[in-house]
Amino acid sequence: MRILAGPAMLLVIVGGFLSIRYMTKDDGPPRKFTDLEFADSCYSLSTVLVANRLFSNASRTWTSPRDDAWTLKLDDVVQGNGGPVRVFQEFTFEKYDDQVRLVAMDTSKGLEIDITHNIDALLEIPNERHSTPVDRCLQPGAKGYHFVPKR
Amino acid sequence: MRPNPILATLLALCIPLAGCQRHVDEKSVRAFVDKADDAARKRFAPEICELRGKNFKLHLVFQGHEHRIGPTEVEMDRALFCKQAGTFSRLRQYKLERKFIDVDVAPDRKTARVSTNYVETLPYYEPDMMPATPDDFDKFQIVDTHDESVVGIEGGDIVFLSTESTSSQELISKNSIKLPYD
């Protein structure tokens, strides 16, 4: 019996680890999706989202409306003049070859719904901060939408 | 005498089940609401949140202090409600008084309807201002809320399944009352 004690304990630890990993799994897109370049911008989607702090404050939900597409919903309650007001933004990103594009937007009343405007807005902060670009834009002379290489 | 390992295992598995509830009664619902009020007074989000069911919905109609502006309406699911509860912890001065409670248990004793009235006193931060410190305000808000909640059993515990809230807000000068820091 004693010989089985070690493997049994190992099995319990591995089982516990796997069940915790399974139960705490984030229902977001896989890394291979968020690592793709966003809208020819020289920044990966994950860089853009992190730079914009889209993972903080608001409640966020990822859903997948179809293969290779993910929708990020940001939901928040803000203090308006008349009381609390709910605001939300829904960004649908879709994979095209080795790029990911913003293909649809939905927002609460009063927020900008135009896709180009939202792409420009999302790229503002990574460009200002000179966030880390994707590999292809590390080369001298690399071009990207709104991309200003670091000198 | 050596204890029977199978019997001991079964007994150990049954102990947590003994604490599970299958039905609600007025006493347990009142105790649950007391617990929920204490969690709100502590402004500790995990505790506030765990008392809400997984499909919890809050519908809030809020009349702000400017009566010329009509009330706002907000619908929140559990995730959004819990996020909001998290922001609650930033308050350093908060008072919650329950003025009224009525519990109506359903005939099948699976749910109960709870009517409550609360008065909350807390700092009022202007909507367009970013407070530099929790003390950066000059008015307290007094929020009078009537809640109609449905509570039921989930995972062996009583939880809020839904809440319909109607609130109205008044502002008073910061110096007109003394609210302790906690």
# chains A, B, ... in the order shown; residues from 1 in each chain; ligands from 1
>>> interface_residues(of="chain B", to="chain A", cutoff="10 Å", atoms="only C-alpha atoms", output="PyMOL selection string")
chain B and resi 60-76+79-84+86-87+125-128+167-169
>>> select_by_dssp(residues="segment 11-122 of chain A", states="strand (DSSP E)", output="PyMOL selection string")
chain A and resi 37-38+59-66+69-79+84-96+99-107
>>> closest_residue(among="B:Lys42, B:Leu51, B:Lys27, B:Tyr118", to="Arg92 of chain B", atoms="only C-alpha atoms")
B:Lys42
>>> atom_distance(atom1="atom CA of Tyr181 of chain B", atom2="atom CA of Leu91 of chain B")
9.1 Å
>>> residues_around(residues="Asp35 of chain A", least_positions_apart="3", cutoff="10 Å", atoms="only C-alpha atoms", output="ChimeraX atom specification")
/A:30-32,38,43-47,98-100,134
>>> select_by_dssp(residues="segment 82-170 of chain B", states="helix (DSSP H, G or I)", output="JSON, numbers by chain")
{"B": [82, 83, 84, 85, 86, 87, 88, 89, 90]}
>>> residues_around(residues="Gln139 of chain A", least_positions_apart="6", cutoff="12 Å", atoms="only C-alpha atoms", output="JSON, numbers by chain")
{"A": [42, 133, 149, 150]}
>>> write_last_selection(atoms="N, CA and C atoms", output="compact mmCIF listing (two decimals), in the first residue's frame")
# COMPACT_ATOMS: atom_id res chain seq x y z
N CYS A 42 0.15 47.59 -36.85
CA CYS A 42 1.44 47.24 -36.25
C CYS A 42 1.31 46.81 -34.79
N PRO A 133 5.28 46.94 -30.90
CA PRO A 133 4.61 46.53 -32.14
C PRO A 133 4.80 45.04 -32.41
N PRO A 149 6.71 54.95 -36.05
CA PRO A 149 7.79 54.15 -35.44
C PRO A 149 8.54 54.96 -34.38
N LYS A 150 9.03 54.25 -33.39
CA LYS A 150 9.79 54.88 -32.32
C LYS A 150 11.17 55.26 -32.87
>>> residues_around(residues="segment 105-110 of chain A", least_positions_apart="2", cutoff="8 Å", atoms="only C-alpha atoms", output="short mmCIF file (atom, residue, chain, number, x, y, z; two decimals) with C-alpha atoms, in the first residue's frame")
data_model
loop_
_atom_site.label_atom_id
_atom_site.label_comp_id
_atom_site.auth_asym_id
_atom_site.auth_seq_id
_atom_site.Cartn_x
_atom_site.Cartn_y
_atom_site.Cartn_z
CA ARG A 86 -25.78 52.17 -17.86
CA VAL A 87 -23.26 52.46 -20.68
CA PHE A 88 -22.02 49.65 -22.89
CA GLN A 89 -19.85 49.09 -25.93
CA GLU A 90 -19.71 45.95 -28.03
CA PHE A 91 -16.73 45.39 -30.30
CA THR A 92 -16.85 42.48 -32.76
CA LEU A 102 -13.10 45.44 -36.06
CA VAL A 103 -16.15 44.48 -38.11
CA GLU A 112 -19.84 56.64 -31.19
CA ILE A 113 -20.83 53.64 -33.30
CA ASP A 114 -18.78 54.37 -36.46
CA ILE A 115 -16.22 51.60 -37.01
#
>>> closest_residue(among="B:Pro46, B:Pro123, B:Gly156, B:Pro134", to="Ile177 of chain B", atoms="only C-alpha atoms")
B:Pro123
>>> closest_residue(among="A:Val48, A:Ala8, A:Gly144, A:Asp67", to="Arg129 of chain A", atoms="only C-alpha atoms")
A:Val48
>>> decode(residues="segment 83-130 of chain A", atoms="N, CA and C atoms", output="short mmCIF file (atom, residue, chain, number, x, y, z; two decimals), in the first residue's frame")
data_model
loop_
_atom_site.label_atom_id
_atom_site.label_comp_id
_atom_site.auth_asym_id
_atom_site.auth_seq_id
_atom_site.Cartn_x
_atom_site.Cartn_y
_atom_site.Cartn_z
N GLY A 83 -28.71 60.58 -12.17
CA GLY A 83 -28.57 59.33 -11.42
C GLY A 83 -27.73 58.35 -12.19
N PRO A 84 -27.68 57.10 -11.74
CA PRO A 84 -26.84 56.12 -12.44
C PRO A 84 -27.36 55.79 -13.84
N VAL A 85 -26.43 55.67 -14.76
CA VAL A 85 -26.79 55.39 -16.16
C VAL A 85 -25.92 54.22 -16.64
N ARG A 86 -26.55 53.30 -17.34
CA ARG A 86 -25.78 52.17 -17.86
C ARG A 86 -25.18 52.53 -19.21
N VAL A 87 -23.89 52.24 -19.37
CA VAL A 87 -23.26 52.46 -20.68
C VAL A 87 -22.59 51.15 -21.11
N PHE A 88 -22.69 50.86 -22.40
CA PHE A 88 -22.02 49.65 -22.89
C PHE A 88 -21.45 49.89 -24.29
N GLN A 89 -20.45 49.10 -24.59
CA GLN A 89 -19.85 49.09 -25.93
C GLN A 89 -19.63 47.64 -26.30
N GLU A 90 -19.94 47.31 -27.54
CA GLU A 90 -19.71 45.95 -28.03
C GLU A 90 -18.84 46.01 -29.26
N PHE A 91 -17.67 45.40 -29.17
CA PHE A 91 -16.73 45.39 -30.30
C PHE A 91 -16.71 43.97 -30.87
N THR A 92 -16.99 43.81 -32.16
CA THR A 92 -16.85 42.48 -32.76
C THR A 92 -15.60 42.47 -33.65
N PHE A 93 -14.67 41.59 -33.28
CA PHE A 93 -13.42 41.45 -34.01
C PHE A 93 -13.47 40.15 -34.81
N GLU A 94 -12.92 40.20 -36.03
CA GLU A 94 -12.92 38.98 -36.86
C GLU A 94 -11.56 38.79 -37.51
N LYS A 95 -11.18 37.53 -37.64
CA LYS A 95 -9.87 37.20 -38.22
C LYS A 95 -9.98 37.20 -39.74
N TYR A 96 -9.04 37.89 -40.38
CA TYR A 96 -8.90 37.84 -41.84
C TYR A 96 -7.43 37.55 -42.13
N ASP A 97 -7.12 36.37 -42.64
CA ASP A 97 -5.73 35.93 -42.84
C ASP A 97 -4.93 36.10 -41.56
N ASP A 98 -3.89 36.92 -41.62
CA ASP A 98 -3.08 37.06 -40.40
C ASP A 98 -3.39 38.37 -39.66
N GLN A 99 -4.57 38.89 -39.91
CA GLN A 99 -5.00 40.15 -39.27
C GLN A 99 -6.29 39.91 -38.50
N VAL A 100 -6.58 40.83 -37.58
CA VAL A 100 -7.88 40.81 -36.94
C VAL A 100 -8.46 42.21 -37.14
N ARG A 101 -9.72 42.26 -37.52
CA ARG A 101 -10.35 43.56 -37.83
C ARG A 101 -11.56 43.79 -36.96
N LEU A 102 -11.86 45.07 -36.75
CA LEU A 102 -13.10 45.44 -36.06
C LEU A 102 -14.18 45.47 -37.13
N VAL A 103 -15.16 44.58 -37.03
CA VAL A 103 -16.15 44.48 -38.11
C VAL A 103 -17.53 44.99 -37.72
N ALA A 104 -17.79 45.11 -36.43
CA ALA A 104 -19.11 45.62 -36.02
C ALA A 104 -19.01 46.28 -34.65
N MET A 105 -19.89 47.25 -34.45
CA MET A 105 -19.93 47.98 -33.17
C MET A 105 -21.38 48.12 -32.73
N ASP A 106 -21.58 48.04 -31.45
CA ASP A 106 -22.89 48.39 -30.89
C ASP A 106 -22.60 49.12 -29.59
N THR A 107 -23.35 50.16 -29.34
CA THR A 107 -23.10 50.94 -28.12
C THR A 107 -24.41 51.43 -27.52
N SER A 108 -24.34 51.87 -26.29
CA SER A 108 -25.51 52.53 -25.70
C SER A 108 -25.63 53.92 -26.33
N LYS A 109 -26.80 54.49 -26.15
CA LYS A 109 -27.11 55.78 -26.78
C LYS A 109 -26.07 56.85 -26.41
N GLY A 110 -25.64 57.59 -27.40
CA GLY A 110 -24.72 58.69 -27.13
C GLY A 110 -23.26 58.35 -27.37
N LEU A 111 -22.94 57.06 -27.53
CA LEU A 111 -21.54 56.70 -27.80
C LEU A 111 -21.35 56.48 -29.30
N GLU A 112 -20.14 56.72 -29.77
CA GLU A 112 -19.84 56.64 -31.19
C GLU A 112 -19.90 55.19 -31.69
N ILE A 113 -20.63 54.99 -32.78
CA ILE A 113 -20.83 53.64 -33.30
C ILE A 113 -20.04 53.40 -34.59
N ASP A 114 -19.51 54.48 -35.18
CA ASP A 114 -18.78 54.37 -36.46
C ASP A 114 -17.51 53.52 -36.28
N ILE A 115 -17.34 52.56 -37.17
CA ILE A 115 -16.22 51.60 -37.01
C ILE A 115 -14.86 52.29 -37.18
N THR A 116 -14.73 53.11 -38.23
CA THR A 116 -13.44 53.77 -38.46
C THR A 116 -13.08 54.67 -37.27
N HIS A 117 -14.07 55.38 -36.77
CA HIS A 117 -13.82 56.26 -35.62
C HIS A 117 -13.33 55.42 -34.44
N ASN A 118 -13.93 54.26 -34.22
CA ASN A 118 -13.54 53.43 -33.08
C ASN A 118 -12.16 52.79 -33.28
N ILE A 119 -11.84 52.44 -34.53
CA ILE A 119 -10.49 51.90 -34.79
C ILE A 119 -9.46 52.99 -34.46
N ASP A 120 -9.71 54.20 -34.98
CA ASP A 120 -8.80 55.32 -34.71
C ASP A 120 -8.66 55.57 -33.21
N ALA A 121 -9.80 55.50 -32.50
CA ALA A 121 -9.77 55.75 -31.06
C ALA A 121 -8.98 54.66 -30.34
N LEU A 122 -9.15 53.40 -30.78
CA LEU A 122 -8.43 52.30 -30.14
C LEU A 122 -6.92 52.40 -30.36
N LEU A 123 -6.53 52.99 -31.51
CA LEU A 123 -5.09 53.05 -31.83
C LEU A 123 -4.40 54.27 -31.24
N GLU A 124 -5.17 55.20 -30.76
CA GLU A 124 -4.59 56.44 -30.22
C GLU A 124 -3.57 56.19 -29.10
N ILE A 125 -3.99 55.44 -28.11
CA ILE A 125 -3.11 55.24 -26.94
C ILE A 125 -1.87 54.40 -27.27
N PRO A 126 -2.02 53.24 -27.97
CA PRO A 126 -0.78 52.51 -28.29
C PRO A 126 0.20 53.35 -29.11
N ASN A 127 -0.31 54.20 -30.00
CA ASN A 127 0.58 55.06 -30.79
C ASN A 127 1.24 56.13 -29.92
N GLU A 128 0.46 56.73 -29.02
CA GLU A 128 1.02 57.75 -28.12
C GLU A 128 2.10 57.16 -27.23
N ARG A 129 1.83 55.97 -26.74
CA ARG A 129 2.75 55.35 -25.77
C ARG A 129 3.86 54.56 -26.43
N HIS A 130 3.82 54.45 -27.74
CA HIS A 130 4.76 53.60 -28.48
C HIS A 130 4.79 52.20 -27.87
#
